[in-house]
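**Q** My questions all concern the structure below.
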Amino acid sequence: MKTKSLLFLFVLLSFLSLAQTKANPDDAAIKKSLTYFMNSVMNKKIDQAVGYIYPKFFTVVSKDQMTQILNMTYNNPFMKIEVSNMKFGNIEKPELINGEYFSIAQYYFTMKCNLSSLNDDMKKQVNTMLEKKYGKNNVKYLSKEGIYSINTNMKACAVSKDRKNWKFVIVEKEYKPQLTKVLPKKVLDKI
């Protein structure tokens, strides 16, 4: 009986260590870069955050426009946004296409929006927009605090030439037409 138990334990440990070695070795680098990007956004270091955006994206939206959009979103006195609890989901094994590596990374976070300075009509419009974008079950209005709490499910395409330094493009279905100028078809087909 002891022999069978030890054999079972040995097989189980072997299986677990094999499963860990098959993990994507690029995960850590992608997570690190995406975390720096999100921390830059959360800490309102917008210029630093823009530095983590894939440069080809600036052929669709200029760097200055992107900086303005992020500033209007995260440094807006009428709509205070706070991001927390970032977690990672699946990160695909990077694929080499035209000299660059591409990987789709899923990540999640909680976003709190304080819209107390807006009038009721504007709040209703924002609520409708948030529910449409994130799903009704992921948007909750916390009346005691006067804020919306949103659970997000996001995807970003990580891009790198050296598999160490990663840049990102947020990939969502509604932006797919604009992303055709930025990402290869093989990557777009995964969105």
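A note on labels: chains of the structure tokens are A, B, ... as shown, every chain counts residues from 1, and ligands are counted from 1 in their shown order.
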Which residues of region 99-120 of chain A come within 6 Å of region 142-162 of chain A, and for each one, what is the closest pair of atoms and their distance in Å to one decimal, counting only C-alpha atoms, sorted by chain and residue number, as JSON lines?

**A**
{"residue": "A:Glu100", "atom": "CA", "partner": "A:Lys161", "partner_atom": "CA", "distance": 4.7}
{"residue": "A:Tyr101", "atom": "CA", "partner": "A:Ser160", "partner_atom": "CA", "distance": 5.2}
{"residue": "A:Phe102", "atom": "CA", "partner": "A:Val159", "partner_atom": "CA", "distance": 4.8}
{"residue": "A:Ser103", "atom": "CA", "partner": "A:Ala158", "partner_atom": "CA", "distance": 5.1}
{"residue": "A:Ile104", "atom": "CA", "partner": "A:Cys157", "partner_atom": "CA", "distance": 4.5}
{"residue": "A:Ala105", "atom": "CA", "partner": "A:Ala156", "partner_atom": "CA", "distance": 5.3}
{"residue": "A:Gln106", "atom": "CA", "partner": "A:Lys155", "partner_atom": "CA", "distance": 4.5}
{"residue": "A:Tyr107", "atom": "CA", "partner": "A:Met154", "partner_atom": "CA", "distance": 5.3}
{"residue": "A:Tyr108", "atom": "CA", "partner": "A:Asn153", "partner_atom": "CA", "distance": 4.8}
{"residue": "A:Phe109", "atom": "CA", "partner": "A:Thr152", "partner_atom": "CA", "distance": 5.5}
{"residue": "A:Thr110", "atom": "CA", "partner": "A:Asn151", "partner_atom": "CA", "distance": 4.7}
{"residue": "A:Met111", "atom": "CA", "partner": "A:Ile150", "partner_atom": "CA", "distance": 5.1}
{"residue": "A:Lys112", "atom": "CA", "partner": "A:Ser149", "partner_atom": "CA", "distance": 4.6}
{"residue": "A:Cys113", "atom": "CA", "partner": "A:Tyr148", "partner_atom": "CA", "distance": 5.1}
{"residue": "A:Asn114", "atom": "CA", "partner": "A:Ile147", "partner_atom": "CA", "distance": 4.5}

**Q** Convert the current residue selection to file output with all heavy atoms, as a compact mmCIF listing (two decimals), in the first residue's frame.

**A**
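This is the output file again-v1.txt:
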# COMPACT_ATOMS: atom_id res chain seq x y z
N GLU A 100 8.02 40.39 -35.82
CA GLU A 100 7.55 40.81 -34.50
C GLU A 100 6.74 39.68 -33.87
O GLU A 100 6.10 38.90 -34.56
CB GLU A 100 6.67 42.06 -34.59
CG GLU A 100 7.42 43.29 -35.04
CD GLU A 100 6.53 44.52 -35.10
OE1 GLU A 100 5.51 44.48 -35.82
OE2 GLU A 100 6.86 45.51 -34.43
N TYR A 101 6.79 39.62 -32.54
CA TYR A 101 6.03 38.62 -31.80
C TYR A 101 4.72 39.26 -31.33
O TYR A 101 4.71 40.38 -30.81
CB TYR A 101 6.83 38.12 -30.60
CG TYR A 101 8.02 37.31 -31.00
CD1 TYR A 101 9.27 37.92 -31.17
CD2 TYR A 101 7.93 35.95 -31.21
CE1 TYR A 101 10.38 37.19 -31.55
CE2 TYR A 101 9.03 35.19 -31.60
CZ TYR A 101 10.25 35.82 -31.76
OH TYR A 101 11.34 35.09 -32.14
N PHE A 102 3.62 38.49 -31.50
CA PHE A 102 2.29 38.95 -31.11
C PHE A 102 1.67 37.94 -30.15
O PHE A 102 1.74 36.74 -30.40
CB PHE A 102 1.39 39.10 -32.34
CG PHE A 102 1.83 40.18 -33.29
CD1 PHE A 102 2.79 39.93 -34.26
CD2 PHE A 102 1.30 41.46 -33.19
CE1 PHE A 102 3.20 40.92 -35.13
CE2 PHE A 102 1.72 42.47 -34.06
CZ PHE A 102 2.67 42.19 -35.04
N SER A 103 1.06 38.45 -29.09
CA SER A 103 0.39 37.60 -28.12
C SER A 103 -0.85 38.33 -27.60
O SER A 103 -0.78 39.50 -27.23
CB SER A 103 1.32 37.30 -26.95
OG SER A 103 0.64 36.61 -25.92
N ILE A 104 -1.98 37.62 -27.58
CA ILE A 104 -3.21 38.20 -27.01
C ILE A 104 -3.22 37.89 -25.52
O ILE A 104 -3.07 36.72 -25.12
CB ILE A 104 -4.48 37.64 -27.68
CG1 ILE A 104 -4.47 37.89 -29.19
CG2 ILE A 104 -5.74 38.21 -27.03
CD1 ILE A 104 -4.61 39.32 -29.61
N ALA A 105 -3.38 38.91 -24.70
CA ALA A 105 -3.39 38.75 -23.24
C ALA A 105 -4.73 39.23 -22.69
O ALA A 105 -5.19 40.32 -23.01
CB ALA A 105 -2.26 39.56 -22.62
N GLN A 106 -5.34 38.39 -21.86
CA GLN A 106 -6.57 38.77 -21.17
C GLN A 106 -6.20 39.32 -19.80
O GLN A 106 -5.30 38.78 -19.15
CB GLN A 106 -7.50 37.58 -20.98
CG GLN A 106 -8.21 37.17 -22.23
CD GLN A 106 -9.24 36.09 -21.90
OE1 GLN A 106 -8.90 35.04 -21.39
NE2 GLN A 106 -10.48 36.38 -22.21
N TYR A 107 -6.89 40.35 -19.38
CA TYR A 107 -6.68 40.87 -18.04
C TYR A 107 -7.99 41.46 -17.53
O TYR A 107 -8.91 41.77 -18.29
CB TYR A 107 -5.54 41.89 -18.00
CG TYR A 107 -5.74 43.13 -18.83
CD1 TYR A 107 -6.06 44.34 -18.24
CD2 TYR A 107 -5.58 43.10 -20.21
CE1 TYR A 107 -6.23 45.49 -19.00
CE2 TYR A 107 -5.74 44.23 -20.98
CZ TYR A 107 -6.07 45.41 -20.36
OH TYR A 107 -6.24 46.54 -21.13
N TYR A 108 -8.07 41.57 -16.22
CA TYR A 108 -9.29 42.01 -15.56
C TYR A 108 -8.92 43.05 -14.51
O TYR A 108 -7.84 42.99 -13.93
CB TYR A 108 -9.97 40.83 -14.84
CG TYR A 108 -10.10 39.60 -15.70
CD1 TYR A 108 -9.10 38.64 -15.75
CD2 TYR A 108 -11.23 39.41 -16.49
CE1 TYR A 108 -9.21 37.52 -16.55
CE2 TYR A 108 -11.35 38.28 -17.29
CZ TYR A 108 -10.33 37.35 -17.31
OH TYR A 108 -10.45 36.24 -18.11
N PHE A 109 -9.82 43.97 -14.27
CA PHE A 109 -9.64 44.90 -13.17
C PHE A 109 -10.99 45.48 -12.79
O PHE A 109 -11.97 45.36 -13.52
CB PHE A 109 -8.62 46.01 -13.49
CG PHE A 109 -8.94 46.84 -14.71
CD1 PHE A 109 -9.77 47.95 -14.64
CD2 PHE A 109 -8.38 46.52 -15.94
CE1 PHE A 109 -10.04 48.71 -15.76
CE2 PHE A 109 -8.64 47.27 -17.07
CZ PHE A 109 -9.48 48.38 -16.98
N THR A 110 -11.02 46.10 -11.63
CA THR A 110 -12.21 46.79 -11.17
C THR A 110 -11.98 48.28 -11.37
O THR A 110 -10.92 48.80 -11.04
CB THR A 110 -12.48 46.51 -9.67
OG1 THR A 110 -12.61 45.10 -9.50
CG2 THR A 110 -13.74 47.20 -9.18
N MET A 111 -12.97 48.93 -11.94
CA MET A 111 -12.88 50.36 -12.19
C MET A 111 -14.02 51.03 -11.43
O MET A 111 -15.16 50.59 -11.50
CB MET A 111 -13.01 50.62 -13.69
CG MET A 111 -12.86 52.06 -14.08
SD MET A 111 -12.68 52.31 -15.88
CE MET A 111 -13.97 51.34 -16.59
N LYS A 112 -13.68 52.06 -10.69
CA LYS A 112 -14.70 52.83 -9.97
C LYS A 112 -14.76 54.22 -10.58
O LYS A 112 -13.73 54.88 -10.75
CB LYS A 112 -14.38 52.91 -8.48
CG LYS A 112 -14.53 51.57 -7.81
CD LYS A 112 -14.41 51.65 -6.33
CE LYS A 112 -14.64 50.27 -5.72
NZ LYS A 112 -14.53 50.28 -4.29
N CYS A 113 -15.97 54.63 -10.94
CA CYS A 113 -16.20 55.94 -11.56
C CYS A 113 -17.09 56.78 -10.66
O CYS A 113 -18.22 56.39 -10.39
CB CYS A 113 -16.88 55.79 -12.92
SG CYS A 113 -15.94 54.88 -14.11
N ASN A 114 -16.58 57.91 -10.25
CA ASN A 114 -17.36 58.85 -9.46
C ASN A 114 -17.93 59.89 -10.42
O ASN A 114 -17.20 60.70 -10.98
CB ASN A 114 -16.48 59.52 -8.40
CG ASN A 114 -17.26 60.45 -7.52
OD1 ASN A 114 -18.31 60.97 -7.91
ND2 ASN A 114 -16.76 60.68 -6.33

**Q** Neighbouring residues of Val182 (chain A) were defined as those with any atom within 10 Å, considering only C-alpha atoms; residues of the same chain fewer than 3 positions away were excluded. Please report them as a list in words.

**A**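 Skipping anything fewer than 3 positions along the chain leaves Tyr54, Pro55, Lys56, Phe57, Phe58, Thr59, Val60, Val169, Lys176, Pro177, Gln178, Leu179, Lys185 and Leu188 of chain A.
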
**Q** Can you pull out every residue from chain A that DSSP, working from the backbone, puts in strand (DSSP E), and format the result as a PyMOL selection string?

**A** chain A and resi 80-91+95-97+100-114+139-142+147-160+167-170

**Q** List as a VMD selection string the protein and nucleic acid residues near region 64-70 of chain A, meaning an atom at most 9 Å away when only C-alpha atoms are counted, but skip any in the same chain fewer than 4 places from it.

**A** chain A and resid 41 44 46 to 47 49 to 50 58 74 to 75

**Q** Any idea what the distance is between CA of Asn76 (chain A) and CA of Val171 (chain A)?

**A**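 Interatomic distance here is 23.8 Å.
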
**Q** Nearest to Leu183 (chain A): which of A:Lys31, A:Asn98, A:Tyr134, A:Tyr141 is it, counting only C-alpha atoms?

**A** A:Asn98
